[in-house]
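Source file: start17.txt (compact mmCIF, C-alpha atoms)
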# COMPACT_ATOMS: atom_id res chain seq x y z
CA MET P 15 -18.31 2.47 4.59
CA ASN P 16 -16.68 0.15 7.12
CA ILE P 17 -14.28 -2.68 6.32
CA LEU P 18 -16.92 -5.43 6.66
CA THR P 19 -19.14 -3.67 4.14
CA LYS P 20 -16.21 -3.33 1.75
CA VAL P 21 -15.36 -7.01 2.11
CA ALA P 22 -18.99 -7.96 1.43
CA CYS P 23 -19.04 -5.82 -1.73
CA ILE P 24 -15.82 -7.39 -2.97
CA CYS P 25 -17.15 -10.89 -2.33
CA MET P 26 -20.36 -10.09 -4.23
CA LEU P 27 -18.34 -8.79 -7.19
CA CYS P 28 -16.19 -11.93 -7.15
CA ILE P 29 -19.22 -14.23 -7.04
CA PHE P 30 -20.88 -12.37 -9.90
CA ALA P 31 -17.74 -12.44 -12.01
CA LEU P 32 -17.00 -16.09 -11.35
CA THR P 33 -20.58 -17.18 -11.99
CA SER P 34 -20.72 -15.41 -15.34
CA VAL P 35 -17.42 -16.92 -16.46
CA GLN P 36 -18.34 -20.42 -15.30
CA ALA P 37 -21.54 -20.16 -17.30
CA GLN P 38 -19.40 -19.85 -20.42
CA LYS P 39 -17.58 -23.12 -19.54
CA LYS P 40 -14.13 -21.74 -20.27
CA GLY P 41 -11.84 -23.61 -17.95
CA PHE P 42 -10.50 -23.28 -14.45
CA ALA P 43 -7.12 -23.20 -12.69
CA PHE P 44 -6.16 -22.90 -9.03
CA GLY P 45 -2.71 -22.43 -7.55
CA ILE P 46 -0.34 -20.86 -5.10
CA LYS P 47 2.15 -18.06 -5.68
CA GLY P 48 4.91 -16.16 -3.94
CA GLY P 49 7.53 -13.55 -4.64
CA VAL P 50 8.76 -10.06 -3.79
CA ASN P 51 7.51 -6.46 -3.70
CA LEU P 52 9.77 -3.51 -4.52
CA SER P 53 7.87 -0.55 -3.12
CA ARG P 54 8.27 3.07 -2.09
CA LEU P 55 6.12 5.75 -0.47
CA THR P 56 5.04 8.88 -2.33
CA MET P 57 4.19 11.87 -0.15
CA GLY P 58 6.00 14.94 -1.48
CA ASP P 59 7.86 17.39 0.77
CA VAL P 60 6.01 19.35 3.46
CA PHE P 61 6.86 21.50 6.48
CA THR P 62 4.83 20.60 9.56
CA THR P 63 4.50 22.03 13.04
CA ARG P 64 5.58 19.64 15.77
CA TYR P 65 3.19 19.11 18.70
CA ASP P 66 3.75 17.71 22.18
CA ASP P 67 1.68 14.98 23.88
CA ASN P 68 -0.86 17.58 25.04
CA GLY P 69 -1.45 18.92 21.54
CA ASN P 70 0.50 22.14 22.10
CA PRO P 71 3.05 23.43 19.57
CA TYR P 72 6.57 22.27 20.43
CA LEU P 73 8.99 25.11 21.17
CA GLY P 74 12.66 25.05 20.19
CA TYR P 75 15.69 26.43 21.96
CA ASP P 76 14.85 29.95 20.75
CA GLY P 77 11.24 29.82 21.99
CA LYS P 78 9.75 29.58 18.49
CA GLU P 79 7.43 26.89 17.23
CA VAL P 80 9.34 23.99 15.67
CA ARG P 81 8.50 23.27 12.05
CA ASP P 82 10.15 20.15 10.68
CA ASN P 83 10.60 19.22 7.04
CA LEU P 84 9.28 15.82 5.92
CA LYS P 85 11.05 14.85 2.70
CA GLN P 86 10.05 12.12 0.30
CA SER P 87 12.60 9.42 -0.41
CA PHE P 88 12.98 7.60 -3.72
CA LYS P 89 14.55 4.55 -2.09
CA THR P 90 12.68 1.27 -2.53
CA ARG P 91 12.05 -1.36 0.11
CA THR P 92 11.91 -5.10 -0.55
CA GLY P 93 9.04 -7.13 0.92
CA ALA P 94 7.49 -10.57 0.46
CA VAL P 95 4.17 -11.59 -1.04
CA GLY P 96 2.39 -14.94 -1.14
CA GLY P 97 -1.06 -16.46 -1.39
CA ILE P 98 -3.52 -18.23 -3.68
CA TYR P 99 -5.10 -17.49 -7.03
CA ALA P 100 -7.90 -18.86 -9.20
CA ARG P 101 -8.30 -18.37 -12.93
CA PHE P 102 -11.60 -18.72 -14.78
CA GLY P 103 -11.38 -18.74 -18.56
CA ARG P 104 -8.86 -19.55 -21.28
CA THR P 105 -8.34 -16.74 -23.82
CA PHE P 106 -10.21 -14.15 -21.78
CA PHE P 107 -10.09 -14.81 -18.07
CA ILE P 108 -10.89 -13.45 -14.63
CA GLN P 109 -8.32 -14.02 -11.89
CA PRO P 110 -9.16 -13.28 -8.23
CA GLU P 111 -6.36 -13.61 -5.67
CA VAL P 112 -5.89 -13.42 -1.92
CA LEU P 113 -2.35 -12.42 -0.94
CA VAL P 114 -0.46 -11.60 2.23
CA SER P 115 1.89 -8.81 1.23
CA THR P 116 4.66 -6.88 2.97
CA LYS P 117 5.45 -3.40 1.64
CA GLY P 118 7.14 -0.25 2.81
CA GLY P 119 9.35 2.68 2.03
CA SER P 120 11.23 5.49 3.72
CA PHE P 121 11.22 9.24 4.20
CA GLU P 122 13.35 11.83 5.98
CA ILE P 123 12.48 14.04 8.93
CA ILE P 124 14.69 17.13 9.08
CA GLN P 125 14.34 18.31 12.67
CA THR P 126 14.92 22.03 13.20
CA ASP P 127 14.84 22.44 16.99
CA LYS P 128 18.64 22.39 17.17
CA GLU P 129 21.11 25.07 16.15
CA GLN P 130 22.02 22.78 13.25
CA PRO P 131 19.15 20.87 11.53
CA VAL P 132 19.31 17.11 12.05
CA SER P 133 18.19 14.68 9.34
CA LYS P 134 16.74 11.31 10.31
CA THR P 135 15.68 8.56 7.89
CA ILE P 136 12.52 6.67 8.83
CA ASN P 137 12.09 3.20 7.35
CA ILE P 138 8.55 1.88 7.17
CA LYS P 139 7.34 -1.70 6.84
CA TYR P 140 3.76 -2.96 7.01
CA SER P 141 1.68 -5.98 6.03
CA ASN P 142 -1.58 -6.21 4.12
CA ILE P 143 -4.11 -8.74 2.98
CA ASP P 144 -4.43 -7.80 -0.70
CA VAL P 145 -7.44 -8.89 -2.75
CA PRO P 146 -6.87 -8.26 -6.49
CA LEU P 147 -9.66 -8.91 -8.99
CA LEU P 148 -7.95 -9.04 -12.38
CA ILE P 149 -9.21 -9.36 -15.94
CA GLY P 150 -6.81 -10.63 -18.59
CA PHE P 151 -6.13 -11.93 -22.08
CA LYS P 152 -3.98 -14.95 -22.87
CA GLY P 153 -2.30 -15.78 -26.16
CA GLY P 154 -0.12 -18.89 -26.11
CA PRO P 155 2.03 -18.83 -22.97
CA LEU P 156 1.77 -15.04 -22.58
CA ARG P 157 -0.79 -13.17 -20.49
CA ILE P 158 -1.65 -9.52 -19.89
CA LEU P 159 -3.91 -8.57 -17.00
CA ALA P 160 -5.14 -5.60 -14.98
CA GLY P 161 -7.69 -4.76 -12.35
CA PRO P 162 -8.45 -3.24 -8.95
CA VAL P 163 -6.96 -4.37 -5.65
CA THR P 164 -8.32 -3.81 -2.14
CA SER P 165 -5.85 -3.89 0.77
CA PHE P 166 -6.54 -4.48 4.45
CA ARG P 167 -3.87 -3.54 6.99
CA ILE P 168 -2.92 -6.36 9.35
CA GLY P 169 0.25 -4.90 10.93
CA ASP P 170 2.88 -2.19 10.78
CA ASN P 171 6.16 -1.48 12.52
CA GLN P 172 6.23 0.77 15.53
CA LYS P 173 8.65 3.20 13.90
CA LEU P 174 5.89 4.77 11.81
CA ARG P 175 3.81 5.63 14.87
CA ASP P 176 6.89 6.88 16.69
CA ALA P 177 7.95 9.06 13.78
CA PHE P 178 4.62 10.88 13.64
CA LYS P 179 4.09 11.08 17.39
CA TYR P 180 4.34 14.86 17.25
CA TYR P 181 2.32 15.30 14.06
CA THR P 182 -0.89 13.33 14.48
CA SER P 183 -3.61 12.46 16.95
CA ASP P 184 -5.47 9.90 14.82
CA LEU P 185 -2.77 7.74 13.21
CA ASN P 186 -4.14 4.40 14.43
CA ASN P 187 -7.48 5.03 12.75
CA ALA P 188 -5.86 6.20 9.52
CA MET P 189 -3.68 3.11 9.36
CA SER P 190 -6.54 0.65 9.97
CA GLN P 191 -8.75 1.62 7.03
CA ALA P 192 -8.81 -0.31 3.79
CA THR P 193 -7.10 1.24 0.78
CA PHE P 194 -7.83 0.82 -2.93
CA GLY P 195 -5.46 0.60 -5.84
CA TYR P 196 -4.73 -1.16 -9.10
CA GLN P 197 -2.45 -3.78 -10.59
CA LEU P 198 -1.42 -4.19 -14.22
CA GLY P 199 1.19 -6.38 -15.77
CA ALA P 200 2.10 -9.44 -17.79
CA GLY P 201 2.71 -13.11 -17.16
CA LEU P 202 4.29 -16.19 -18.69
CA ASP P 203 2.91 -19.73 -18.28
CA LEU P 204 5.25 -22.71 -18.68
CA GLY P 205 3.48 -25.94 -17.83
CA SER P 206 2.29 -25.76 -14.24
CA PHE P 207 4.53 -22.79 -13.47
CA SER P 208 3.83 -19.12 -14.07
CA LEU P 209 5.86 -15.93 -13.77
CA ASP P 210 4.16 -12.56 -13.24
CA VAL P 211 5.53 -9.00 -13.23
CA ARG P 212 3.10 -6.28 -12.16
CA LYS P 213 2.98 -2.59 -11.42
CA GLU P 214 0.85 -1.62 -8.41
CA GLY P 215 -0.39 1.85 -7.51
CA SER P 216 -2.86 3.54 -5.16
CA PHE P 217 -6.19 5.22 -5.82
CA THR P 218 -6.56 6.23 -2.17
CA ASN P 219 -4.12 7.53 0.41
CA LEU P 220 -2.28 5.10 2.60
CA ALA P 221 -2.64 7.71 5.35
CA SER P 222 -3.46 11.39 5.68
CA PHE P 223 -2.03 12.82 8.89
CA GLN P 224 -3.92 15.40 10.90
CA VAL P 225 -3.63 16.89 14.37
CA ASN P 226 -6.79 17.39 16.44
CA GLY P 227 -8.90 17.27 13.31
CA GLN P 228 -6.84 19.93 11.51
CA PRO P 229 -4.38 19.39 8.62
CA VAL P 230 -0.78 19.47 9.80
CA GLY P 231 1.19 22.60 9.03
CA GLY P 232 -1.84 24.85 8.57
CA ASP P 233 -3.35 24.28 5.12
CA GLU P 234 -1.13 21.34 4.26
CA SER P 235 -1.41 17.67 5.09
CA VAL P 236 0.84 14.67 4.65
CA LYS P 237 -0.77 12.20 2.25
CA GLN P 238 1.04 8.96 1.64
CA LYS P 239 0.48 6.56 -1.23
CA ILE P 240 2.33 3.40 -2.19
CA SER P 241 3.90 2.54 -5.53
CA SER P 242 5.46 -0.85 -6.13
CA TRP P 243 6.60 -3.53 -8.55
CA GLN P 244 5.67 -7.12 -7.81
CA VAL P 245 7.40 -10.24 -9.16
CA THR P 246 5.88 -13.64 -8.34
CA LEU P 247 6.31 -17.29 -9.26
CA GLY P 248 3.16 -19.42 -9.28
CA LEU P 249 2.42 -23.14 -9.24
CA LYS P 250 -0.86 -24.42 -10.66
CA LEU P 251 -2.21 -27.18 -8.41
CA PHE P 252 -5.15 -28.14 -10.64

Turn the structure described in the file into C-alpha cells.
Amino acid sequence: MNILTKVACICMLCIFALTSVQAQKKGFAFGIKGGVNLSRLTMGDVFTTRYDDNGNPYLGYDGKEVRDNLKQSFKTRTGAVGGIYARFGRTFFIQPEVLVSTKGGSFEIIQTDKEQPVSKTINIKYSNIDVPLLIGFKGGPLRILAGPVTSFRIGDNQKLRDAFKYYTSDLNNAMSQATFGYQLGAGLDLGSFSLDVRKEGSFTNLASFQVNGQPVGGDESVKQKISSWQVTLGLKLF
C-alpha cells in the first residue's frame, strides 16, 4: 500500500467519524497547538557486518571481516511539534489533528576495525507530518484521549544515512515509508487554552536495515521504533 492510498484511507476514516459526530449535534472546536517532544529510539543491541560501497564485507587490519556493535541508547532528544486540531463532541469527542513534528534519538556504533574498539555516538533528528485520530472523554476541564497516529517522513538529518552507509543498501526507501503508532494521554481545558500530555509509541518499525535484500549480520536485522512523550499548549480559535 503506497503513501497516497494510506492518506486516502485516513481521510475517509476522518470524514466518516466527523460526519457521524456532527449528526449527533454535539459541538465543535478548532484551534492551534504547539509544544515539545521528548523522544528516543528503541532498537536493541546487535552486531552487524560492515560492507564497503561495492557491497563486499569490510576487512580490518587483521584481514578479518569487521563486525561492529550497534548499541541502543536511553538518552532522549528534544524536538518541536505544532499544528492544528478540531474537536467534535462535548462529553465524548473525536479529535483529528495535523501536526508537524520533530523527533529523534541516539545510538552508539562500537567500531572494531582498530586494535582498540572505538565508540561513536550517533544523534538522529527527523521531521514528520503526524496525523492523529483520537477518541476521548471529557469531564469538567479534564480530558482523556487515545487513538492511532499515522506519520509521514518529510526530512531527516544526513548523519543517519552516513552512520549506516556500510550497513544498508535501501535506507532511503525505508525512511520514506509511512509509519503507524498510537497516542494516549490526558488534557486540561482552561477557557480557550488547553494543556495536553501524551505518550506516543510505534506499531511499525521506523526502519529495518538490510544489505542487498538480506538482513544485516546474518539472521539479525536492525529494527528501530520511536517512543516519546509530547507536551503541548493549545489555543481554541472558535

### Message
Would you pick out the contacts of Glu111 of chain P at 12 Å or less, using all atoms listed in the file, so that residues sharing its chain but fewer than 5 positions from it are not included, and give the list as a PyMOL selection string?
### Response
chain P and resi 24-25+28+43-48+95-102+143-149+161-165+197+248

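Among P:Tyr65, P:Val50, P:Asn137, P:Phe106, the residue with the shortest atom-to-atom distance to Ser87 of chain P, counting all atoms listed in the file, is P:Asn137.
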
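Going from atom CA of Leu198 of chain P over to atom CA of Tyr140 of chain P, you cover 21.9 Å.
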
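Proximity ranking of P:Pro131, P:Met57, P:Arg212, P:Arg91 relative to Lys239 of chain P places P:Met57 first, based on only C-alpha atoms.
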
### Summary
Students should find that atom CA of Thr92 of chain P and atom CA of Pro155 of chain P are spaced 28.1 Å

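The two atoms in question, atom CA of Ser141 of chain P and atom CA of Arg167 of chain P, are spaced 6.1 Å apart.
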
### Message
Show me, as a list in words, the residues that have an atom within 8 Å of Gly199 of chain P when counting all atoms listed in the file, minus same-chain residues fewer than 6 positions from it.
### Response
Ile158, Leu159, Ala160, Asp210, Val211, Arg212 and Lys213 of chain P

#### Entry: Using only C-alpha atoms: which of P:Asn70, P:Gln86, P:Ser208, P:Gln130 has the shortest distance to Arg54 of chain P
P:Gln86

### P:Ser120, P:Ser115, P:Ser133, P:Asn51 ranked by distance to Asp82 of chain P, top pick (using only C-alpha atoms)
P:Ser133

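Using all atoms listed in the file for every distance, the candidate list P:Thr218, P:Thr246, P:Gln125, P:Gln109 yields P:Gln125 as the residue closest to Val80 of chain P.
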
### Message
Need the shell around Glu122 of chain P: protein/DNA/RNA residues with any atom at most 12 Å away, counting only C-alpha atoms. Skip same-chain ones fewer than 5 positions apart. Format as a PyMOL selection string?
### Response
chain P and resi 55+57-61+82-89+132-138+174+177-178

Selection above as a file: C-alpha atoms, as a compact mmCIF listing (two decimals), in the frame of the given file:
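Printed below is part31.txt as written:
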# COMPACT_ATOMS: atom_id res chain seq x y z
CA LEU P 55 6.12 5.75 -0.47
CA MET P 57 4.19 11.87 -0.15
CA GLY P 58 6.00 14.94 -1.48
CA ASP P 59 7.86 17.39 0.77
CA VAL P 60 6.01 19.35 3.46
CA PHE P 61 6.86 21.50 6.48
CA ASP P 82 10.15 20.15 10.68
CA ASN P 83 10.60 19.22 7.04
CA LEU P 84 9.28 15.82 5.92
CA LYS P 85 11.05 14.85 2.70
CA GLN P 86 10.05 12.12 0.30
CA SER P 87 12.60 9.42 -0.41
CA PHE P 88 12.98 7.60 -3.72
CA LYS P 89 14.55 4.55 -2.09
CA VAL P 132 19.31 17.11 12.05
CA SER P 133 18.19 14.68 9.34
CA LYS P 134 16.74 11.31 10.31
CA THR P 135 15.68 8.56 7.89
CA ILE P 136 12.52 6.67 8.83
CA ASN P 137 12.09 3.20 7.35
CA ILE P 138 8.55 1.88 7.17
CA LEU P 174 5.89 4.77 11.81
CA ALA P 177 7.95 9.06 13.78
CA PHE P 178 4.62 10.88 13.64
